[in-house]
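All remarks here apply to the structure that follows.
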2 protein chains.
Amino acid sequence: MARYQPGIETRKRILTAVRHLLGEAGMEGTTLKAICDRADIQPGSFYNLFASKEEAILSVVREAVTAVDPDPDHRGTDTVADLVEAYVAFVTDQPVLAKVYLKMAVGGGMSDDHLTDRVLAHHRRRIERFTEALLREYPDLSDMDARRSAERILATLNGLVLQWSLDPETDVAGQARALVATVRT
Amino acid sequence: MARYQPGIETRKRILTAVRHLLGEAGMEGTTLKAICDRADIQPGSFYNLFASKEEAILSVVREAVTAVDPDPDHRGTDTVADLVEAYVAFVTDQPVLAKVYLKMAVGGGMSDDHLTDRVLAHHRRRIERFTEALLREYPDLSDMDARRSAERILATLNGLVLQWSLDPETDVAGQARALVATVRT
DNA sequence: TTCCTTTTTGAGTATATGCTCACTTTTGAG
DNA sequence: CTCAAAAGTGAGCATATACTCAAAAAGGAA
């Protein structure tokens, strides 16, 4: 579709606009007019590059779900501290995407159930990663206890991001580090 | 406005419809048509009882913000365990309102900033309550440490609710109790 | 430059949404 | 029962939204 430079740049501007709108105003605020205003284009230009508004949104949501993954290769050698740090880095380095992820996790009215399923599947995989890391570090832990601990750690991290999205003063990094310190058998 | 029985009942049906729609589909799905279909009324009936869609929504949101308050009278005698238990009870007894609160906290595109402010103010008050309870139980704690602990506890609770909204299997009550057990100086 | 392709434009379409209003039906105090 | 107030109806209005398309402008390989 986009083969020349202008088209590629416009595509980037559109995705940036969608990213910010989704993160700040959620689905409701991400209208075609808002996208076009922010990307400084006309509707026709948008539909020259995307088949639908949905497609552009899905593109950004996939971006967010991918970016939140702490260990894409799944090498299975990370410690709990590594996984926590990776999440903190994601929130710190890509705050907009982090907010998009949060909004999607809460189920910001996806028209497609497929998306909710995707987020849920990814969430479960994250719990698995934390469970495995816990078992690696504390072999005495039962599988169930490790899983419950993993759930609790992830809940705290997600809760911190929620709080940070409400109050930008929140020290996510510091709190996350304090969290790691409390993880003992 | 509603003085006779029928009007009062219709008002209740409308609010119930809004509550469920907000909790399940968020702002985007809470259209007037959806409300009327669910409450089994016509638009005219709705506007005989509410000045606007916004008013009905605000009504439910206020309900949620009020219901999440663990100690409305603020007697200042609750323990951390009491506050946690109150939150668990809220989620267990009024799951729909709990989801509404979650959606609002994430900032589901409130047209009115006033609402976001209200949720934030309430959130801060909750942190205060937890901080005070912690200081009461652990007088050796510094104010700052208590505050950070309180933030972390609330983050975990909110994160658990988020996870539960994704995966209804989540044992919020059990995890919350385990959380309380980990609260030591 | 030439000329076909890509990109952009912006008025226009169909539908959905929030809301109104003149009208009918129901309610319940006297 | 009477009748004014309350409740309910549903077609219809104005606006917003997602999307289209014919035409114009810009790009770039030859």
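Following the order of the structure tokens, first chain is A, next is B, and so on, with residues numbered from 1 inside each chain and ligands from 1 in the order they appear.
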Q.
Give me, as a ChimeraX atom specification, the residues of chain C touching chain A, with the criterion being at most 10 Å (counting only C-alpha atoms (C1' of nucleotides)).
A. /C:5-10
Limited to N, CA and C atoms (P, O5', C5', C4', C3', O3' and C1' of nucleotides), could you put the picked residues into a file as an mmCIF file, in the first residue's frame?
```
data_model
loop_
_atom_site.group_PDB
_atom_site.id
_atom_site.type_symbol
_atom_site.label_atom_id
_atom_site.label_comp_id
_atom_site.auth_asym_id
_atom_site.auth_seq_id
_atom_site.Cartn_x
_atom_site.Cartn_y
_atom_site.Cartn_z
ATOM 1 P P DT C 5 0.231 2.249 -13.907
ATOM 2 O "O5'" DT C 5 0.714 2.584 -12.435
ATOM 3 C "C5'" DT C 5 2.099 2.401 -12.087
ATOM 4 C "C4'" DT C 5 2.373 3.121 -10.774
ATOM 5 C "C3'" DT C 5 1.346 2.836 -9.679
ATOM 6 O "O3'" DT C 5 2.025 2.364 -8.532
ATOM 7 C "C1'" DT C 5 1.714 5.183 -9.909
ATOM 8 P P DT C 6 1.166 1.838 -7.256
ATOM 9 O "O5'" DT C 6 1.338 3.056 -6.244
ATOM 10 C "C5'" DT C 6 2.653 3.539 -5.943
ATOM 11 C "C4'" DT C 6 2.558 4.896 -5.277
ATOM 12 C "C3'" DT C 6 1.719 4.930 -4.000
ATOM 13 O "O3'" DT C 6 2.529 5.475 -2.977
ATOM 14 C "C1'" DT C 6 1.144 6.724 -5.418
ATOM 15 P P DT C 7 2.012 5.444 -1.448
ATOM 16 O "O5'" DT C 7 1.350 6.885 -1.317
ATOM 17 C "C5'" DT C 7 2.147 8.043 -1.519
ATOM 18 C "C4'" DT C 7 1.274 9.276 -1.514
ATOM 19 C "C3'" DT C 7 0.322 9.396 -0.319
ATOM 20 O "O3'" DT C 7 0.700 10.538 0.413
ATOM 21 C "C1'" DT C 7 -0.741 9.998 -2.364
ATOM 22 P P DT C 8 -0.113 10.943 1.742
ATOM 23 O "O5'" DT C 8 -1.141 12.002 1.178
ATOM 24 C "C5'" DT C 8 -0.666 13.155 0.486
ATOM 25 C "C4'" DT C 8 -1.844 13.994 0.029
ATOM 26 C "C3'" DT C 8 -2.895 14.241 1.121
ATOM 27 O "O3'" DT C 8 -2.992 15.638 1.337
ATOM 28 C "C1'" DT C 8 -3.912 13.562 -0.928
ATOM 29 P P DT C 9 -3.955 16.182 2.493
ATOM 30 O "O5'" DT C 9 -5.228 16.621 1.668
ATOM 31 C "C5'" DT C 9 -5.053 17.345 0.437
ATOM 32 C "C4'" DT C 9 -6.364 17.414 -0.314
ATOM 33 C "C3'" DT C 9 -7.581 17.785 0.547
ATOM 34 O "O3'" DT C 9 -8.038 19.063 0.141
ATOM 35 C "C1'" DT C 9 -8.053 16.003 -0.996
ATOM 36 P P DG C 10 -8.648 20.023 1.247
ATOM 37 O "O5'" DG C 10 -10.204 19.705 1.108
ATOM 38 C "C5'" DG C 10 -10.811 19.847 -0.164
ATOM 39 C "C4'" DG C 10 -12.169 19.160 -0.165
ATOM 40 C "C3'" DG C 10 -12.986 19.330 1.129
ATOM 41 O "O3'" DG C 10 -14.345 19.424 0.782
ATOM 42 C "C1'" DG C 10 -12.758 17.083 0.664
#
```
| query | Can you list every residue in chain A that DSSP puts in helix (DSSP H, G or I), as a VMD selection string? | reply | chain A and resid 5 to 29 32 to 39 43 to 49 53 to 67 80 to 93 95 to 105 113 to 137 143 to 166 172 to 182
Distance table requested - chain A against chain D, cut-off 8 Å, only C-alpha atoms (C1' of nucleotides): one row per qualifying residue with the closest atom pair and its distance in Å to one decimal, ordered by chain and rising residue number, as CSV.
```
residue,atom,partner,partner_atom,distance
A:Tyr4,CA,D:DG27,C1',7.6
A:Thr31,CA,D:DT17,C1',7.6
A:Leu32,CA,D:DA18,C1',7.2
A:Lys53,CA,D:DA18,C1',7.8
```
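Nearest residue to chain B, choosing from A:Val88, A:Ala64, A:Ala181, A:Val106 and counting only C-alpha atoms: A:Val106.
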ask   = Hey, what's within 12 Å of Glu132 in chain B if we count only C-alpha atoms (C1' of nucleotides) and toss same-chain stuff fewer than 5 positions away? As a PyMOL selection string, please?
value = chain B and resi 74-80+83+125-127+137-139+141-151
Restricting it to C-alpha atoms, dump the selection as an mmCIF file, in the first residue's frame.
```cif
data_model
loop_
_atom_site.group_PDB
_atom_site.id
_atom_site.type_symbol
_atom_site.label_atom_id
_atom_site.label_comp_id
_atom_site.auth_asym_id
_atom_site.auth_seq_id
_atom_site.Cartn_x
_atom_site.Cartn_y
_atom_site.Cartn_z
ATOM 1 C CA HIS B 74 -14.227 7.285 58.895
ATOM 2 C CA ARG B 75 -14.188 6.192 62.498
ATOM 3 C CA GLY B 76 -10.495 5.571 62.202
ATOM 4 C CA THR B 77 -10.440 2.322 64.126
ATOM 5 C CA ASP B 78 -10.124 -0.208 61.339
ATOM 6 C CA THR B 79 -7.175 -2.545 61.014
ATOM 7 C CA VAL B 80 -5.506 -3.242 57.688
ATOM 8 C CA LEU B 83 -9.965 -2.526 55.250
ATOM 9 C CA ARG B 125 -8.421 9.013 50.589
ATOM 10 C CA ARG B 126 -8.250 5.231 50.444
ATOM 11 C CA ILE B 127 -4.470 5.354 50.581
ATOM 12 C CA GLU B 137 -0.699 -1.392 63.947
ATOM 13 C CA TYR B 138 2.994 -0.732 63.433
ATOM 14 C CA PRO B 139 3.816 2.498 65.311
ATOM 15 C CA LEU B 141 6.906 2.578 60.828
ATOM 16 C CA SER B 142 7.909 5.942 59.411
ATOM 17 C CA ASP B 143 5.135 7.927 57.730
ATOM 18 C CA MET B 144 6.787 7.505 54.380
ATOM 19 C CA ASP B 145 7.251 3.774 54.738
ATOM 20 C CA ALA B 146 3.652 3.373 55.845
ATOM 21 C CA ARG B 147 2.475 5.365 52.862
ATOM 22 C CA ARG B 148 4.520 3.317 50.457
ATOM 23 C CA SER B 149 3.243 0.108 51.992
ATOM 24 C CA ALA B 150 -0.306 1.379 51.801
ATOM 25 C CA GLU B 151 0.179 2.227 48.128
#
```
Non-local contacts of Arg38 in chain A (10 Å; only C-alpha atoms (C1' of nucleotides); under 6 positions in same chain excluded) as an mmCIF file with N, CA and C atoms, in the first residue's frame:
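Produced file around_11.cif, reproduced below:
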```cif
data_model
loop_
_atom_site.group_PDB
_atom_site.id
_atom_site.type_symbol
_atom_site.label_atom_id
_atom_site.label_comp_id
_atom_site.auth_asym_id
_atom_site.auth_seq_id
_atom_site.Cartn_x
_atom_site.Cartn_y
_atom_site.Cartn_z
ATOM 1 N N ARG A 13 2.522 8.612 11.198
ATOM 2 C CA ARG A 13 1.823 9.690 11.908
ATOM 3 C C ARG A 13 0.459 9.221 12.379
ATOM 4 N N ILE A 14 -0.206 8.440 11.541
ATOM 5 C CA ILE A 14 -1.522 7.911 11.921
ATOM 6 C C ILE A 14 -1.394 6.991 13.140
ATOM 7 N N THR A 16 0.922 6.884 15.368
ATOM 8 C CA THR A 16 1.273 7.670 16.552
ATOM 9 C C THR A 16 0.025 8.340 17.130
ATOM 10 N N ALA A 17 -0.783 8.885 16.248
ATOM 11 C CA ALA A 17 -2.021 9.542 16.688
ATOM 12 C C ALA A 17 -2.924 8.542 17.408
ATOM 13 N N VAL A 18 -3.097 7.365 16.810
ATOM 14 C CA VAL A 18 -3.958 6.336 17.406
ATOM 15 C C VAL A 18 -3.406 5.905 18.762
ATOM 16 N N HIS A 20 -1.567 7.587 20.909
ATOM 17 C CA HIS A 20 -1.800 8.598 21.939
ATOM 18 C C HIS A 20 -3.274 8.718 22.296
ATOM 19 N N LEU A 21 -4.120 8.680 21.295
ATOM 20 C CA LEU A 21 -5.555 8.799 21.563
ATOM 21 C C LEU A 21 -6.049 7.630 22.394
ATOM 22 N N LEU A 32 -12.505 8.804 14.142
ATOM 23 C CA LEU A 32 -11.755 9.040 12.908
ATOM 24 C C LEU A 32 -11.359 10.505 12.796
#
```
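With distances restricted to only C-alpha atoms, A:Leu102 is the closest residue to chain B from A:Leu102, A:Leu115, A:Leu135, A:Val65.
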Counting only C-alpha atoms, closest pick from B:Ile57, B:Met27, B:Ala155, B:Val183 relative to chain A is B:Ala155
Between chain A and chain B, at 9 Å or less, what are the per-residue closest atom pairs and their distances in Å? Count only C-alpha atoms, order by chain and rising residue number, and return it as a Markdown table.
```
| residue | atom | partner | partner_atom | distance |
| --- | --- | --- | --- | --- |
| A:Glu24 | CA | B:Gly109 | CA | 8.0 |
| A:Ala25 | CA | B:Gly109 | CA | 5.0 |
| A:Gly26 | CA | B:Gly109 | CA | 5.7 |
| A:Met27 | CA | B:Glu28 | CA | 7.3 |
| A:Glu28 | CA | B:Glu28 | CA | 5.7 |
| A:Gly29 | CA | B:Gly109 | CA | 6.4 |
| A:Lys99 | CA | B:Val106 | CA | 8.8 |
| A:Leu102 | CA | B:Val106 | CA | 7.5 |
| A:Lys103 | CA | B:Val106 | CA | 6.5 |
| A:Ala105 | CA | B:Leu166 | CA | 7.1 |
| A:Val106 | CA | B:Leu162 | CA | 6.5 |
| A:Gly107 | CA | B:Ala25 | CA | 7.7 |
| A:Gly108 | CA | B:Gly26 | CA | 6.2 |
| A:Gly109 | CA | B:Ala25 | CA | 5.0 |
| A:Met110 | CA | B:Ala25 | CA | 8.2 |
| A:Thr116 | CA | B:Leu166 | CA | 8.3 |
| A:Val119 | CA | B:Leu166 | CA | 8.6 |
| A:Leu120 | CA | B:Leu166 | CA | 6.4 |
| A:His123 | CA | B:Gln163 | CA | 8.7 |
| A:Arg148 | CA | B:Gln175 | CA | 7.4 |
| A:Ser149 | CA | B:Gln175 | CA | 8.7 |
| A:Glu151 | CA | B:Leu160 | CA | 8.2 |
| A:Arg152 | CA | B:Thr156 | CA | 6.9 |
| A:Ile153 | CA | B:Thr156 | CA | 7.8 |
| A:Leu154 | CA | B:Gly159 | CA | 7.6 |
| A:Ala155 | CA | B:Gly159 | CA | 4.1 |
| A:Thr156 | CA | B:Thr156 | CA | 3.9 |
| A:Leu157 | CA | B:Gly159 | CA | 7.3 |
| A:Asn158 | CA | B:Gly159 | CA | 5.3 |
| A:Gly159 | CA | B:Gly159 | CA | 4.0 |
| A:Leu160 | CA | B:Ala155 | CA | 5.1 |
| A:Val161 | CA | B:Ala155 | CA | 8.3 |
| A:Leu162 | CA | B:Val106 | CA | 6.5 |
| A:Gln163 | CA | B:Ala155 | CA | 6.8 |
| A:Ser165 | CA | B:Val106 | CA | 7.2 |
| A:Leu166 | CA | B:Leu120 | CA | 6.4 |
| A:Asp167 | CA | B:Leu120 | CA | 7.5 |
| A:Thr170 | CA | B:Glu151 | CA | 9.0 |
| A:Gln175 | CA | B:Arg152 | CA | 7.0 |
| A:Ala176 | CA | B:Arg152 | CA | 8.9 |
| A:Leu179 | CA | B:Arg152 | CA | 8.0 |
| A:Thr182 | CA | B:Thr182 | CA | 8.3 |
```
Dump C-alpha atoms for the selected residues as a compact mmCIF listing (two decimals), in the first residue's frame?
```
# COMPACT_ATOMS: atom_id res chain seq x y z
CA GLU A 24 -5.28 9.14 26.73
CA ALA A 25 -8.94 9.00 25.76
CA GLY A 26 -9.55 5.29 25.27
CA MET A 27 -11.71 3.76 22.57
CA GLU A 28 -14.46 6.30 22.98
CA GLY A 29 -12.17 9.21 22.21
CA LYS A 99 -1.63 2.92 29.07
CA LEU A 102 -4.01 -1.16 30.65
CA LYS A 103 -7.09 0.12 28.84
CA ALA A 105 -6.80 -5.30 29.82
CA VAL A 106 -9.73 -3.64 31.53
CA GLY A 107 -11.73 -4.50 28.47
CA GLY A 108 -12.29 -1.11 26.97
CA GLY A 109 -15.20 -2.34 24.91
CA MET A 110 -13.47 -4.26 22.20
CA THR A 116 -9.98 -9.77 24.78
CA VAL A 119 -5.00 -10.12 26.09
CA LEU A 120 -6.15 -12.87 28.45
CA HIS A 123 -1.74 -12.42 30.68
CA ARG A 148 -0.39 -17.87 43.68
CA SER A 149 2.68 -15.80 44.43
CA GLU A 151 -0.44 -13.99 40.47
CA ARG A 152 0.03 -11.67 43.43
CA ILE A 153 3.22 -10.14 42.07
CA LEU A 154 1.66 -9.50 38.68
CA ALA A 155 -1.44 -8.08 40.33
CA THR A 156 0.72 -5.64 42.27
CA LEU A 157 2.60 -4.59 39.15
CA ASN A 158 -0.60 -4.07 37.19
CA GLY A 159 -2.11 -2.24 40.15
CA LEU A 160 0.90 0.04 40.32
CA VAL A 161 0.51 0.89 36.65
CA LEU A 162 -3.18 1.56 37.26
CA GLN A 163 -2.29 3.88 40.12
CA SER A 165 -2.13 6.16 35.25
CA LEU A 166 -4.33 7.89 37.84
CA ASP A 167 -1.48 9.72 39.55
CA THR A 170 3.55 7.25 41.50
CA GLN A 175 7.64 0.30 44.41
CA ALA A 176 8.40 -2.55 42.02
CA LEU A 179 8.04 -5.62 45.80
CA THR A 182 9.39 -8.80 49.80
```
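Our summary of the geometry notes that CA of Tyr87 in chain A is positioned 14.8 Å from CA of Glu128 in chain A.
Note that the spacing between CA of Pro72 in chain A and CA of Tyr101 in chain A amounts to 16.5 Å.
Of note, CA of Glu54 in chain B and CA of Lys33 in chain B are spaced 14.0 Å apart.
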